[in-house]
Amino acid sequence: MFSLSGSSTFNVTSFSSATSTFPSIQSLSSSFSPISPLTADSLRIRPASSIGFPIFSGGRRSLCSVSASMSGNGSPSSSSQEGSDSFFRSVLENVESVYLSRNPTAKSILELVQSADGGERICYDHLAFRTFGVDGHGIDSMASFFLDYGYKQMEELTFPAKKLKALWFSPPPSVSAANGGSRIHGPLPRVFISELLVDQMSPQAQEIIRKYVEISSSGYKYAALASALGTLTWKKPMHSEFQQLARESEYAAWTLVNGYALNHVTISTHRLKSNLRQINSLNRFIEENGFKLNSEGGLLKVSPDGLLLQSSTVADSMPFRFSDGAVEPVPCSYIEFAERLVLPQYKNLPNDEVKEFHRRDGFEVGNADKIFESTSQGQVTRAA
C-alpha cells in the first residue's frame with residue numbers, strides 16, 4: 001500500500017529468488033515481480049510472441065520481428081524499417097512498464113499531467129540509465145542497444161566529485177512519424193547513460209562492485225533485456241555491502257540493487273498544450289497535488305545559458321530483501337521535467353512554427369549533478 005500525496009514509500013511483494021527460466025514479457029507486464037537476479041542459464045529464452053522479443057542462444061541475438069526484405073537498391077525496405085521500429089518501441093515499452101510498476105509517483109504524475117493537459121499526448125525528453133564503469137558493464141553495455149537502432153553518440157559530461165561520467169545519445173528520425181503517439185510511442189527521446197568510475201573508488205568499494213560484476217560475467221551483453229525484464233544480472237547483495245557502498249557513493253549503492261533499471265523518464269514540458277508547458281507552472285501543479293520535488297540546488301535547475309530548465313521528484317522507495325535475509329527500503333526511480341527554450345537565432349519564429357531542433361539541445365553538468373540527488377537518502381527521507 002502506498003500514499004500518492006504524502007509519502008513516496010510503498011509496499012511490494014518480497015523479492016523472488018532466481019529461477020532457471022524467465023516468464024514472458026506479457027506476464028511481467030500484467031503481474032510484476034520486483035528485481036530478481038539474471039542467471040547465465042536463463043539467457044536461453046524463447047521470444048514473447050506478442051512483441052517478437054529477441055532470441056538469446058549461445059550469445060547471438062536474432063530480431064524475430066524485423067523483416068530481412070530489401071529494396072531494389074540494397075537498402076532496407078520500408079516494411080523492414082517499420083518492423084524494426086516496432087520491435088524497438090516494444091522493448092522500450094517493457095522497460096517503461098517495469099519502471100511504472102515500481103514507481104507509483106511517476107505513474108500518477110504521468111496520468112495527472114495528461115489529464116490536466118486536456119488528454120493530450122505526453123512526449124519524453126529523455127530516458128536515463130546508471131551503470132558500473134568496469135569490465136564491460138559501463139555506458140557501452142546499455143548504449144549498444146540504442147546505437148543498433150540508429151541513435152547517435154553526442155557529448156560526454158563529467159562529474160569529478162561524484163566519480164561519474166555520462167554520455168547522451170540523440171534519436172534517429174523516427175521510421176514511423178508517430179505524430180499522435182504518446183510517451184514511448186511518441187517522438188523517440190534522447191538517452192542519457194552514466195557510469196560510476198569504479199577505479200576511483202576505495203579498495204573496499206571496488207572489491208564489492210567487482211565481486212558482483214564478476215558474478216554477472218557476460219550479463220552486460222544483455223543490459224537492455226535485463227531492463228525490460230526487471231532483473232539484476234548478478235545475485236542480490238548482502239545488506240552490509242549495500243550499506244558500505246552507500247556511505248561512499250549513493251550512486252553505487254543504487255546501481256547495486258537496481259542494476260540496469262530505468263532510472264527516470266523526463267516529461268518534455270514545452271510540448272504540453274496547457275499552461276503546464278511552462279515548467280514553473282508544472283512545478284507548482286506537482287507540489288499542489290502533494291508530490292515533493294528534489295530541492296538540491298533549488299527546485300528549478302537552470303543551465304548557465306538560461307535555455308535548459310529542469311526539475312524532478314524524489315525517488316520512490318521499495319522494500320528490498322538482501323541475500324542475508326535483511327529487508328530495508330531502498331530508493332527506486334523518479335520522474336523529471338525539462339523545458340528547452342528556443343535558441344536566440346530563432347526567437348522571432350511564430351510559436352506554431354517552432355520545432356524541436358529550434359530549441360536548446362543537449363545536457364548541462366550543473367543541472368544533471370543536482371538531478372542525480374533525486375535518489376539520495378537526504379532527498380528521499382525529506383520527502384517521506
# chains A, B, ... in the order shown; residues from 1 in each chain; ligands from 1

$ residues_around --residues "Ser240 of chain A" --least-positions-apart "6" --cutoff "10 Å" --atoms "only C-alpha atoms" --output "PyMOL selection string"
chain A and resi 246+322+324+326

$ select_by_dssp --residues "segment 206-292 of chain A" --states "strand (DSSP E)" --output "JSON, numbers by chain"
{"A": [231, 232, 264, 265, 266, 267, 268]}

$ select_by_dssp --residues "segment 146-325 of chain A" --states "alpha helix (DSSP H)" --output "PyMOL selection string"
chain A and resi 146-148+203-216+223-229+239-248+250-258+279-288

$ residues_around --residues "Val380 of chain A" --least-positions-apart "5" --cutoff "7 Å" --atoms "only C-alpha atoms" --output "MDAnalysis selection string"
chainID A and resid 314:315 375

$ write_last_selection --atoms "N, CA and C atoms" --output "tab-separated table (two decimals), in the first residue's frame"
chain	number	residue	atom	x	y	z
A	314	VAL	N	11.54	13.37	-6.03
A	314	VAL	CA	12.49	12.48	-5.36
A	314	VAL	C	12.05	11.05	-5.63
A	315	ALA	N	12.98	10.12	-5.46
A	315	ALA	CA	12.71	8.72	-5.79
A	315	ALA	C	11.69	8.09	-4.85
A	375	THR	N	17.84	10.47	-5.92
A	375	THR	CA	17.83	9.16	-5.26
A	375	THR	C	18.63	9.17	-3.97

$ atom_distance --atom1 "atom CA of Leu196 of chain A" --atom2 "atom CA of Gly138 of chain A"
7.7 Å

$ residues_around --residues "Tyr124 of chain A" --least-positions-apart "2" --cutoff "8 Å" --atoms "only C-alpha atoms" --output "PyMOL selection string"
chain A and resi 122+126-127+183-184+186-189+265-268

$ residues_around --residues "Leu349 of chain A" --least-positions-apart "6" --cutoff "10 Å" --atoms "only C-alpha atoms" --output "number ranges by chain"
A: 342, 355, 358

$ write_last_selection --atoms "all heavy atoms" --output "short mmCIF file (atom, residue, chain, number, x, y, z; two decimals), in the first residue's frame"
data_model
loop_
_atom_site.label_atom_id
_atom_site.label_comp_id
_atom_site.auth_asym_id
_atom_site.auth_seq_id
_atom_site.Cartn_x
_atom_site.Cartn_y
_atom_site.Cartn_z
N VAL A 342 13.65 28.24 -26.83
CA VAL A 342 14.04 28.49 -28.23
C VAL A 342 15.40 29.18 -28.26
O VAL A 342 15.67 30.10 -27.48
CB VAL A 342 12.98 29.35 -28.94
CG1 VAL A 342 13.42 29.70 -30.35
CG2 VAL A 342 11.64 28.61 -28.95
N LYS A 355 10.03 24.14 -34.02
CA LYS A 355 10.23 22.71 -33.95
C LYS A 355 11.26 22.39 -32.87
O LYS A 355 11.95 23.28 -32.34
CB LYS A 355 10.70 22.15 -35.29
CG LYS A 355 9.82 22.54 -36.47
CD LYS A 355 8.41 22.00 -36.33
CE LYS A 355 7.55 22.36 -37.55
NZ LYS A 355 6.14 21.92 -37.39
N HIS A 358 14.76 23.76 -33.13
CA HIS A 358 14.94 25.19 -32.88
C HIS A 358 15.23 25.48 -31.41
O HIS A 358 15.53 26.62 -31.05
CB HIS A 358 13.67 25.95 -33.28
CG HIS A 358 13.38 25.94 -34.75
ND1 HIS A 358 12.14 25.62 -35.27
CD2 HIS A 358 14.18 26.17 -35.82
CE1 HIS A 358 12.17 25.68 -36.59
NE2 HIS A 358 13.40 26.01 -36.94
#

$ residues_around --residues "segment 163-165 of chain A" --least-positions-apart "5" --cutoff "9 Å" --atoms "only C-alpha atoms" --output "CSV table (one decimal) with N, CA, C and O atoms, in the first residue's frame"
chain,number,residue,atom,x,y,z
A,133,GLY,N,31.1,1.4,-14.3
A,133,GLY,CA,32.1,1.5,-15.4
A,133,GLY,C,33.3,0.6,-15.1
A,133,GLY,O,34.4,1.0,-14.9
A,139,ILE,N,28.8,2.4,-19.6
A,139,ILE,CA,27.9,3.0,-20.6
A,139,ILE,C,27.7,2.2,-21.8
A,139,ILE,O,26.5,2.1,-22.3
A,156,GLU,N,30.1,14.1,-24.0
A,156,GLU,CA,30.4,13.5,-22.7
A,156,GLU,C,30.3,14.5,-21.6
A,156,GLU,O,30.7,15.7,-21.8
A,157,LEU,N,29.8,14.2,-20.5
A,157,LEU,CA,29.7,15.0,-19.3
A,157,LEU,C,30.5,14.3,-18.2
A,157,LEU,O,30.4,13.1,-18.0
A,158,THR,N,31.2,15.1,-17.4
A,158,THR,CA,32.0,14.5,-16.3
A,158,THR,C,31.6,15.2,-14.9
A,158,THR,O,31.2,16.4,-14.9
A,193,ILE,N,23.1,8.1,-20.4
A,193,ILE,CA,23.6,7.0,-19.7
A,193,ILE,C,24.9,7.4,-18.9
A,193,ILE,O,25.8,8.0,-19.5
A,194,SER,N,24.9,7.1,-17.7
A,194,SER,CA,26.0,7.5,-16.8
A,194,SER,C,26.7,6.2,-16.3
A,194,SER,O,26.1,5.1,-16.4
A,195,GLU,N,27.9,6.4,-15.8
A,195,GLU,CA,28.7,5.2,-15.2
A,195,GLU,C,29.5,5.7,-14.1
A,195,GLU,O,30.0,6.8,-14.0
A,196,LEU,N,29.6,4.8,-13.1
A,196,LEU,CA,30.5,5.1,-11.9
A,196,LEU,C,31.9,4.7,-12.3
A,196,LEU,O,32.2,3.6,-12.9
A,197,LEU,N,32.9,5.6,-12.1
A,197,LEU,CA,34.3,5.4,-12.4
A,197,LEU,C,34.8,4.5,-11.2
A,197,LEU,O,35.4,5.0,-10.3
A,198,VAL,N,34.6,3.2,-11.4
A,198,VAL,CA,34.9,2.3,-10.3
A,198,VAL,C,36.4,2.3,-9.8
A,198,VAL,O,36.7,2.2,-8.6
A,200,GLN,N,38.2,4.7,-9.4
A,200,GLN,CA,38.5,5.8,-8.5
A,200,GLN,C,37.9,5.6,-7.1
A,200,GLN,O,38.1,6.5,-6.2
A,201,MET,N,37.2,4.5,-6.9
A,201,MET,CA,36.6,4.2,-5.6
A,201,MET,C,37.6,3.6,-4.7
A,201,MET,O,38.7,3.2,-5.1
A,249,SER,N,29.3,6.1,-1.9
A,249,SER,CA,28.6,6.6,-3.1
A,249,SER,C,27.2,6.1,-3.2
A,249,SER,O,27.0,4.9,-3.4
A,251,TYR,N,25.2,6.6,-5.5
A,251,TYR,CA,25.0,6.2,-6.9
A,251,TYR,C,25.4,4.7,-7.0
A,251,TYR,O,24.7,3.9,-7.6

$ residues_around --residues "Pro171 of chain A" --least-positions-apart "6" --cutoff "9 Å" --atoms "only C-alpha atoms" --output "PyMOL selection string"
chain A and resi 146+149-152+187-191

$ write_last_selection --atoms "all heavy atoms" --output "PDB file, in the first residue's frame"
ATOM      1  N   PHE A 146      20.829   1.018 -28.155  1.00  0.00           N
ATOM      2  CA  PHE A 146      20.316   2.227 -28.808  1.00  0.00           C
ATOM      3  C   PHE A 146      21.100   2.540 -30.085  1.00  0.00           C
ATOM      4  O   PHE A 146      20.512   2.961 -31.084  1.00  0.00           O
ATOM      5  CB  PHE A 146      20.353   3.393 -27.825  1.00  0.00           C
ATOM      6  CG  PHE A 146      19.383   3.244 -26.692  1.00  0.00           C
ATOM      7  CD1 PHE A 146      19.789   2.703 -25.473  1.00  0.00           C
ATOM      8  CD2 PHE A 146      18.056   3.606 -26.841  1.00  0.00           C
ATOM      9  CE1 PHE A 146      18.896   2.532 -24.435  1.00  0.00           C
ATOM     10  CE2 PHE A 146      17.146   3.447 -25.806  1.00  0.00           C
ATOM     11  CZ  PHE A 146      17.568   2.903 -24.599  1.00  0.00           C
ATOM     12  N   TYR A 149      19.945   0.755 -33.085  1.00  0.00           N
ATOM     13  CA  TYR A 149      18.693   1.244 -33.667  1.00  0.00           C
ATOM     14  C   TYR A 149      18.771   2.711 -34.077  1.00  0.00           C
ATOM     15  O   TYR A 149      17.770   3.414 -34.099  1.00  0.00           O
ATOM     16  CB  TYR A 149      17.538   0.974 -32.696  1.00  0.00           C
ATOM     17  CG  TYR A 149      17.169  -0.492 -32.713  1.00  0.00           C
ATOM     18  CD1 TYR A 149      17.801  -1.385 -31.858  1.00  0.00           C
ATOM     19  CD2 TYR A 149      16.270  -1.006 -33.649  1.00  0.00           C
ATOM     20  CE1 TYR A 149      17.523  -2.735 -31.904  1.00  0.00           C
ATOM     21  CE2 TYR A 149      15.981  -2.346 -33.701  1.00  0.00           C
ATOM     22  CZ  TYR A 149      16.608  -3.212 -32.831  1.00  0.00           C
ATOM     23  OH  TYR A 149      16.336  -4.571 -32.894  1.00  0.00           O
ATOM     24  N   GLY A 150      19.971   3.143 -34.431  1.00  0.00           N
ATOM     25  CA  GLY A 150      20.118   4.430 -35.095  1.00  0.00           C
ATOM     26  C   GLY A 150      20.424   5.624 -34.234  1.00  0.00           C
ATOM     27  O   GLY A 150      20.529   6.747 -34.746  1.00  0.00           O
ATOM     28  N   TYR A 151      20.566   5.427 -32.924  1.00  0.00           N
ATOM     29  CA  TYR A 151      20.929   6.560 -32.066  1.00  0.00           C
ATOM     30  C   TYR A 151      22.369   6.982 -32.350  1.00  0.00           C
ATOM     31  O   TYR A 151      23.198   6.181 -32.782  1.00  0.00           O
ATOM     32  CB  TYR A 151      20.772   6.191 -30.590  1.00  0.00           C
ATOM     33  CG  TYR A 151      19.379   6.428 -30.048  1.00  0.00           C
ATOM     34  CD1 TYR A 151      18.305   5.633 -30.454  1.00  0.00           C
ATOM     35  CD2 TYR A 151      19.130   7.448 -29.144  1.00  0.00           C
ATOM     36  CE1 TYR A 151      17.022   5.844 -29.970  1.00  0.00           C
ATOM     37  CE2 TYR A 151      17.851   7.672 -28.637  1.00  0.00           C
ATOM     38  CZ  TYR A 151      16.805   6.874 -29.056  1.00  0.00           C
ATOM     39  OH  TYR A 151      15.536   7.100 -28.576  1.00  0.00           O
ATOM     40  N   LYS A 152      22.660   8.240 -32.073  1.00  0.00           N
ATOM     41  CA  LYS A 152      23.989   8.795 -32.334  1.00  0.00           C
ATOM     42  C   LYS A 152      24.596   9.302 -31.030  1.00  0.00           C
ATOM     43  O   LYS A 152      23.957  10.034 -30.280  1.00  0.00           O
ATOM     44  CB  LYS A 152      23.890   9.951 -33.336  1.00  0.00           C
ATOM     45  CG  LYS A 152      25.223  10.600 -33.680  1.00  0.00           C
ATOM     46  CD  LYS A 152      25.031  11.755 -34.651  1.00  0.00           C
ATOM     47  CE  LYS A 152      26.345  12.448 -34.974  1.00  0.00           C
ATOM     48  NZ  LYS A 152      26.149  13.616 -35.893  1.00  0.00           N
ATOM     49  N   PRO A 187       7.434  10.809 -30.218  1.00  0.00           N
ATOM     50  CA  PRO A 187       8.784  11.067 -30.738  1.00  0.00           C
ATOM     51  C   PRO A 187       9.823  10.360 -29.871  1.00  0.00           C
ATOM     52  O   PRO A 187       9.747  10.400 -28.639  1.00  0.00           O
ATOM     53  CB  PRO A 187       8.919  12.593 -30.643  1.00  0.00           C
ATOM     54  CG  PRO A 187       7.518  13.105 -30.629  1.00  0.00           C
ATOM     55  CD  PRO A 187       6.709  12.064 -29.919  1.00  0.00           C
ATOM     56  N   LEU A 188      10.785   9.699 -30.496  1.00  0.00           N
ATOM     57  CA  LEU A 188      11.798   8.987 -29.722  1.00  0.00           C
ATOM     58  C   LEU A 188      12.583   9.967 -28.855  1.00  0.00           C
ATOM     59  O   LEU A 188      12.992  11.032 -29.314  1.00  0.00           O
ATOM     60  CB  LEU A 188      12.749   8.235 -30.649  1.00  0.00           C
ATOM     61  CG  LEU A 188      12.167   7.000 -31.346  1.00  0.00           C
ATOM     62  CD1 LEU A 188      13.185   6.425 -32.330  1.00  0.00           C
ATOM     63  CD2 LEU A 188      11.752   5.945 -30.334  1.00  0.00           C
ATOM     64  N   PRO A 189      12.823   9.618 -27.592  1.00  0.00           N
ATOM     65  CA  PRO A 189      13.527  10.524 -26.677  1.00  0.00           C
ATOM     66  C   PRO A 189      15.040  10.427 -26.803  1.00  0.00           C
ATOM     67  O   PRO A 189      15.582   9.455 -27.344  1.00  0.00           O
ATOM     68  CB  PRO A 189      13.078  10.016 -25.303  1.00  0.00           C
ATOM     69  CG  PRO A 189      12.886   8.543 -25.515  1.00  0.00           C
ATOM     70  CD  PRO A 189      12.347   8.394 -26.926  1.00  0.00           C
ATOM     71  N   ARG A 190      15.732  11.420 -26.297  1.00  0.00           N
ATOM     72  CA  ARG A 190      17.164  11.310 -26.092  1.00  0.00           C
ATOM     73  C   ARG A 190      17.417  10.218 -25.042  1.00  0.00           C
ATOM     74  O   ARG A 190      16.508   9.839 -24.300  1.00  0.00           O
ATOM     75  CB  ARG A 190      17.736  12.637 -25.588  1.00  0.00           C
ATOM     76  CG  ARG A 190      17.512  13.824 -26.521  1.00  0.00           C
ATOM     77  CD  ARG A 190      17.796  15.132 -25.814  1.00  0.00           C
ATOM     78  NE  ARG A 190      17.478  16.299 -26.633  1.00  0.00           N
ATOM     79  CZ  ARG A 190      16.263  16.813 -26.785  1.00  0.00           C
ATOM     80  NH1 ARG A 190      15.223  16.279 -26.139  1.00  0.00           N
ATOM     81  NH2 ARG A 190      16.068  17.869 -27.558  1.00  0.00           N
ATOM     82  N   VAL A 191      18.654   9.773 -24.947  1.00  0.00           N
ATOM     83  CA  VAL A 191      19.031   8.788 -23.925  1.00  0.00           C
ATOM     84  C   VAL A 191      20.272   9.298 -23.205  1.00  0.00           C
ATOM     85  O   VAL A 191      21.234   9.743 -23.845  1.00  0.00           O
ATOM     86  CB  VAL A 191      19.294   7.407 -24.551  1.00  0.00           C
ATOM     87  CG1 VAL A 191      19.882   6.452 -23.519  1.00  0.00           C
ATOM     88  CG2 VAL A 191      18.002   6.825 -25.127  1.00  0.00           C
TER      89      VAL A 191
END

$ atom_distance --atom1 "atom CA of Leu293 of chain A" --atom2 "atom CA of Asn258 of chain A"
21.4 Å

$ decode --residues "segment 367-379 of chain A" --atoms "N, CA and C atoms" --output "short mmCIF file (atom, residue, chain, number, x, y, z; two decimals), in the first residue's frame"
data_model
loop_
_atom_site.label_atom_id
_atom_site.label_comp_id
_atom_site.auth_asym_id
_atom_site.auth_seq_id
_atom_site.Cartn_x
_atom_site.Cartn_y
_atom_site.Cartn_z
N ASN A 367 23.16 21.14 -13.97
CA ASN A 367 21.79 20.66 -13.79
C ASN A 367 21.78 19.17 -13.41
N ALA A 368 22.49 18.37 -14.21
CA ALA A 368 22.48 16.92 -14.01
C ALA A 368 23.05 16.54 -12.66
N ASP A 369 24.07 17.25 -12.20
CA ASP A 369 24.67 16.96 -10.90
C ASP A 369 23.63 17.05 -9.79
N LYS A 370 22.74 18.02 -9.87
CA LYS A 370 21.69 18.17 -8.86
C LYS A 370 20.57 17.15 -9.06
N ILE A 371 20.26 16.83 -10.30
CA ILE A 371 19.21 15.85 -10.58
C ILE A 371 19.61 14.47 -10.04
N PHE A 372 20.91 14.13 -10.10
CA PHE A 372 21.38 12.86 -9.54
C PHE A 372 20.94 12.68 -8.09
N GLU A 373 20.80 13.79 -7.37
CA GLU A 373 20.48 13.73 -5.94
C GLU A 373 19.05 13.26 -5.67
N SER A 374 18.26 13.09 -6.71
CA SER A 374 16.86 12.65 -6.52
C SER A 374 16.77 11.29 -5.85
N THR A 375 17.84 10.47 -5.92
CA THR A 375 17.83 9.16 -5.26
C THR A 375 18.63 9.17 -3.97
N SER A 376 19.12 10.33 -3.55
CA SER A 376 19.95 10.38 -2.33
C SER A 376 19.08 10.22 -1.08
N GLN A 377 19.70 9.69 -0.06
CA GLN A 377 18.97 9.45 1.19
C GLN A 377 18.43 10.77 1.76
N GLY A 378 19.21 11.84 1.61
CA GLY A 378 18.77 13.12 2.12
C GLY A 378 17.48 13.60 1.48
N GLN A 379 17.37 13.42 0.17
CA GLN A 379 16.14 13.83 -0.52
C GLN A 379 14.99 12.86 -0.27
#
